[in-house]
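Here's the structure, in structure tokens; my notes come after.
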Amino acid sequence: MTVSFSVRRQAAAKYDHGSCGGPVTVFAQALHAQLYGLPTDDDALPTALDALLQATHIATAPEQQTAILQQLAEQLRNATEIIQRYQYQAQWDRLPDSVAEQLRDARDQAQQVTKILDAVAPAFSSQPAAPVPPAAQPRHTASPPAPTTPPAGRRR
């Protein structure tokens with residue numbers, strides 16, 4: 001059996017279908033593995049961000065989702081290094097101080113996102129906890145005003 005994938009640009013608009021874009025090879029490989037009963041290679045996640053985006057569309061197992069978030073965190077660590085190199089380059093080239101400051105801010109934000117992804121990724125692999133009932137909301141009741149002490153008078 002031969003399967004050929006091709007897409008015309010007008011197809012999405014003509015048939016009211018949305019498109020995620022990116023390479024179709026991830027879908028083709030998954031289809032090939034499913035049709036022939038081959039094991040899917042869960043360990044080999046793509047490193048390119050566009051290919052990683054496509055992998056998110058077919059990742060259904062919690063372990064796959066965790067692995068994708070971990071791979072994204074690793075890519076952000078690489079991006080952080082790239083940003084830092086350009087920050088240093090901006091300082092060496094004596095570009096305006098605002099350029100180096102903005103790159104430092106971008107690096108700090110990328111590091112923060114990386115830490116968050118590292119923290120939340122394992123949650124996708126673990127079993128969800130029992131739903132916690134919403135906390136009882138306090139009713140707005142009129143409470144007596146707190147007693148106030150009159151200001152101390154001046155002594156003569």
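Residues are named by chain letter and number: chains run A, B, ... in the order of the structure tokens, numbers start at 1 in each chain, and ligands are numbered from 1 in the order shown.
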
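Near Ala110 in chain A, within a cut-off of 9 Å and counting only C-alpha atoms, sit the residues Leu76, Arg77, Ala79, Thr80, Asp105, Ala106, Arg107, Val113, Thr114 and Lys115 of chain A, with same-chain residues fewer than 3 positions away left out.
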
Only N, CA and C atoms, please: the residues just picked out, written as a CSV table (one decimal), in the first residue's frame.
chain,number,residue,atom,x,y,z
A,76,LEU,N,14.2,25.2,25.5
A,76,LEU,CA,14.2,26.6,26.1
A,76,LEU,C,15.6,26.9,26.8
A,77,ARG,N,16.2,25.8,27.4
A,77,ARG,CA,17.5,26.0,28.0
A,77,ARG,C,18.5,26.4,26.9
A,79,ALA,N,17.7,27.9,24.1
A,79,ALA,CA,17.4,29.2,23.7
A,79,ALA,C,17.9,30.2,24.7
A,80,THR,N,17.9,29.9,25.9
A,80,THR,CA,18.5,30.8,27.0
A,80,THR,C,19.9,31.0,26.7
A,105,ASP,N,16.4,40.5,30.2
A,105,ASP,CA,15.1,40.2,30.6
A,105,ASP,C,14.5,39.0,29.9
A,106,ALA,N,14.7,38.9,28.6
A,106,ALA,CA,14.3,37.8,27.8
A,106,ALA,C,14.9,36.5,28.4
A,107,ARG,N,16.2,36.5,28.7
A,107,ARG,CA,16.9,35.3,29.2
A,107,ARG,C,16.3,34.9,30.5
A,113,VAL,N,10.3,30.2,32.6
A,113,VAL,CA,9.4,29.3,31.9
A,113,VAL,C,10.0,27.9,31.9
A,114,THR,N,11.3,27.8,31.8
A,114,THR,CA,11.9,26.5,31.8
A,114,THR,C,11.7,25.8,33.2
A,115,LYS,N,11.9,26.6,34.3
A,115,LYS,CA,11.6,26.1,35.6
A,115,LYS,C,10.2,25.6,35.8

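Using only C-alpha atoms, the residues found no farther than 9 Å from range 85-93 of chain A, other than those of its own chain fewer than 3 positions away, are Thr80, Glu81, Ile82, Pro96, Asp97, Val99, Ala100, Glu101, Gln102, Leu103, Arg104 and Arg107 of chain A.
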
Residues just named, written with all heavy atoms as a compact mmCIF listing (two decimals), in the first residue's frame:
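out.txt written:
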# COMPACT_ATOMS: atom_id res chain seq x y z
N THR A 80 17.91 29.89 25.94
CA THR A 80 18.45 30.78 26.97
C THR A 80 19.94 31.02 26.73
O THR A 80 20.41 32.16 26.86
CB THR A 80 18.22 30.17 28.36
OG1 THR A 80 16.82 29.98 28.55
CG2 THR A 80 18.75 31.07 29.46
N GLU A 81 20.66 29.97 26.37
CA GLU A 81 22.08 30.14 26.07
C GLU A 81 22.30 31.04 24.86
O GLU A 81 23.20 31.88 24.85
CB GLU A 81 22.73 28.78 25.80
CG GLU A 81 23.22 28.09 27.03
CD GLU A 81 24.08 26.87 26.68
OE1 GLU A 81 25.01 27.00 25.85
OE2 GLU A 81 23.80 25.81 27.24
N ILE A 82 21.47 30.86 23.86
CA ILE A 82 21.59 31.69 22.65
C ILE A 82 21.33 33.15 23.00
O ILE A 82 22.08 34.05 22.59
CB ILE A 82 20.61 31.20 21.55
CG1 ILE A 82 21.04 29.82 21.06
CG2 ILE A 82 20.55 32.21 20.41
CD1 ILE A 82 20.00 29.14 20.19
N PRO A 96 23.31 49.99 22.26
CA PRO A 96 22.66 50.72 23.34
C PRO A 96 22.38 49.78 24.53
O PRO A 96 22.08 48.60 24.36
CB PRO A 96 21.35 51.22 22.71
CG PRO A 96 21.64 51.27 21.25
CD PRO A 96 22.62 50.16 20.98
N ASP A 97 22.50 50.35 25.73
CA ASP A 97 22.30 49.55 26.94
C ASP A 97 20.93 48.89 26.98
O ASP A 97 20.77 47.81 27.55
CB ASP A 97 22.48 50.42 28.19
CG ASP A 97 23.93 50.83 28.40
OD1 ASP A 97 24.83 50.16 27.85
OD2 ASP A 97 24.15 51.83 29.13
N VAL A 99 19.37 47.42 24.68
CA VAL A 99 19.37 46.14 23.94
C VAL A 99 19.84 45.02 24.86
O VAL A 99 19.20 43.97 24.96
CB VAL A 99 20.26 46.23 22.68
CG1 VAL A 99 20.42 44.87 22.01
CG2 VAL A 99 19.71 47.25 21.70
N ALA A 100 20.95 45.23 25.55
CA ALA A 100 21.47 44.21 26.47
C ALA A 100 20.48 43.97 27.62
O ALA A 100 20.29 42.83 28.05
CB ALA A 100 22.83 44.63 27.01
N GLU A 101 19.84 45.03 28.11
CA GLU A 101 18.87 44.88 29.20
C GLU A 101 17.66 44.06 28.75
O GLU A 101 17.17 43.20 29.49
CB GLU A 101 18.42 46.26 29.70
CG GLU A 101 19.49 47.01 30.45
CD GLU A 101 19.09 48.44 30.77
OE1 GLU A 101 17.90 48.79 30.62
OE2 GLU A 101 19.98 49.22 31.15
N GLN A 102 17.17 44.33 27.55
CA GLN A 102 16.03 43.58 27.04
C GLN A 102 16.40 42.12 26.83
O GLN A 102 15.59 41.22 27.12
CB GLN A 102 15.51 44.20 25.75
CG GLN A 102 14.83 45.53 25.97
CD GLN A 102 14.45 46.21 24.67
OE1 GLN A 102 14.87 45.81 23.58
NE2 GLN A 102 13.64 47.24 24.77
N LEU A 103 17.60 41.85 26.35
CA LEU A 103 18.04 40.47 26.19
C LEU A 103 18.20 39.78 27.54
O LEU A 103 17.87 38.60 27.69
CB LEU A 103 19.34 40.42 25.39
CG LEU A 103 19.21 40.72 23.90
CD1 LEU A 103 20.57 40.90 23.27
CD2 LEU A 103 18.41 39.64 23.20
N ARG A 104 18.67 40.49 28.54
CA ARG A 104 18.79 39.93 29.88
C ARG A 104 17.39 39.59 30.43
O ARG A 104 17.18 38.53 31.00
CB ARG A 104 19.52 40.88 30.82
CG ARG A 104 19.72 40.31 32.22
CD ARG A 104 20.50 41.20 33.18
NE ARG A 104 20.12 42.60 33.13
CZ ARG A 104 20.88 43.59 32.61
NH1 ARG A 104 22.05 43.31 32.09
NH2 ARG A 104 20.45 44.82 32.61
N ARG A 107 16.18 36.51 28.67
CA ARG A 107 16.86 35.34 29.20
C ARG A 107 16.26 34.94 30.54
O ARG A 107 15.98 33.76 30.78
CB ARG A 107 18.36 35.62 29.36
CG ARG A 107 19.15 34.40 29.82
CD ARG A 107 20.48 34.76 30.41
NE ARG A 107 20.25 35.44 31.67
CZ ARG A 107 21.02 36.40 32.16
NH1 ARG A 107 22.05 36.82 31.49
NH2 ARG A 107 20.75 36.96 33.31

Expressed in Å to a single decimal, how great is the separation between CA of Thr47 in chain A and CA of Ile68 in chain A? 9.8 Å

Would you list the contacts of Ala44 in chain A as a list of chain:residue names, taking every protein, DNA or RNA residue within 12 Å and counting only C-alpha atoms, but skipping same-chain residues closer than 6 positions in sequence?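 Result of the neighbour search: A:Val26, A:Ala51, A:Leu52, A:Ala55, A:Gln64, A:Ala67, A:Ile68, A:Gln71.
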
One decimal, in Å: what's the spacing between CA of Asp108 in chain A and CA of Gln54 in chain A?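 Going from CA of Asp108 in chain A over to CA of Gln54 in chain A covers 27.3 Å.
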
Counting only C-alpha atoms, the residue of A:Ile116, A:Pro46, A:Ala30, A:Phe124 that sits nearest Ala73 in chain A: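 So, comparing all the options, the nearest one is A:Ile116.
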
So how many Å separate CA of Leu72 in chain A and CA of Ser98 in chain A, to one decimal?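 Calculated distance between CA of Leu72 in chain A and CA of Ser98 in chain A is 28.4 Å.
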
Could you tell me, as a ChimeraX atom specification, which residues of range 31-106 of chain A DSSP assigns to helix (DSSP H, G or I) when given the backbone? /A:31-35,49-58,62-92,97-106

Nearby residues (only C-alpha atoms) at most 10 Å from Gln70 in chain A, same-chain spacing under 4 positions excluded, as a list in words: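 So the residues in contact are Gln64, Gln65, Thr66, Glu74, Gln75, Leu76, Thr114, Leu117, Asp118, Ala119, Val120, Ala121 and Pro122 of chain A.
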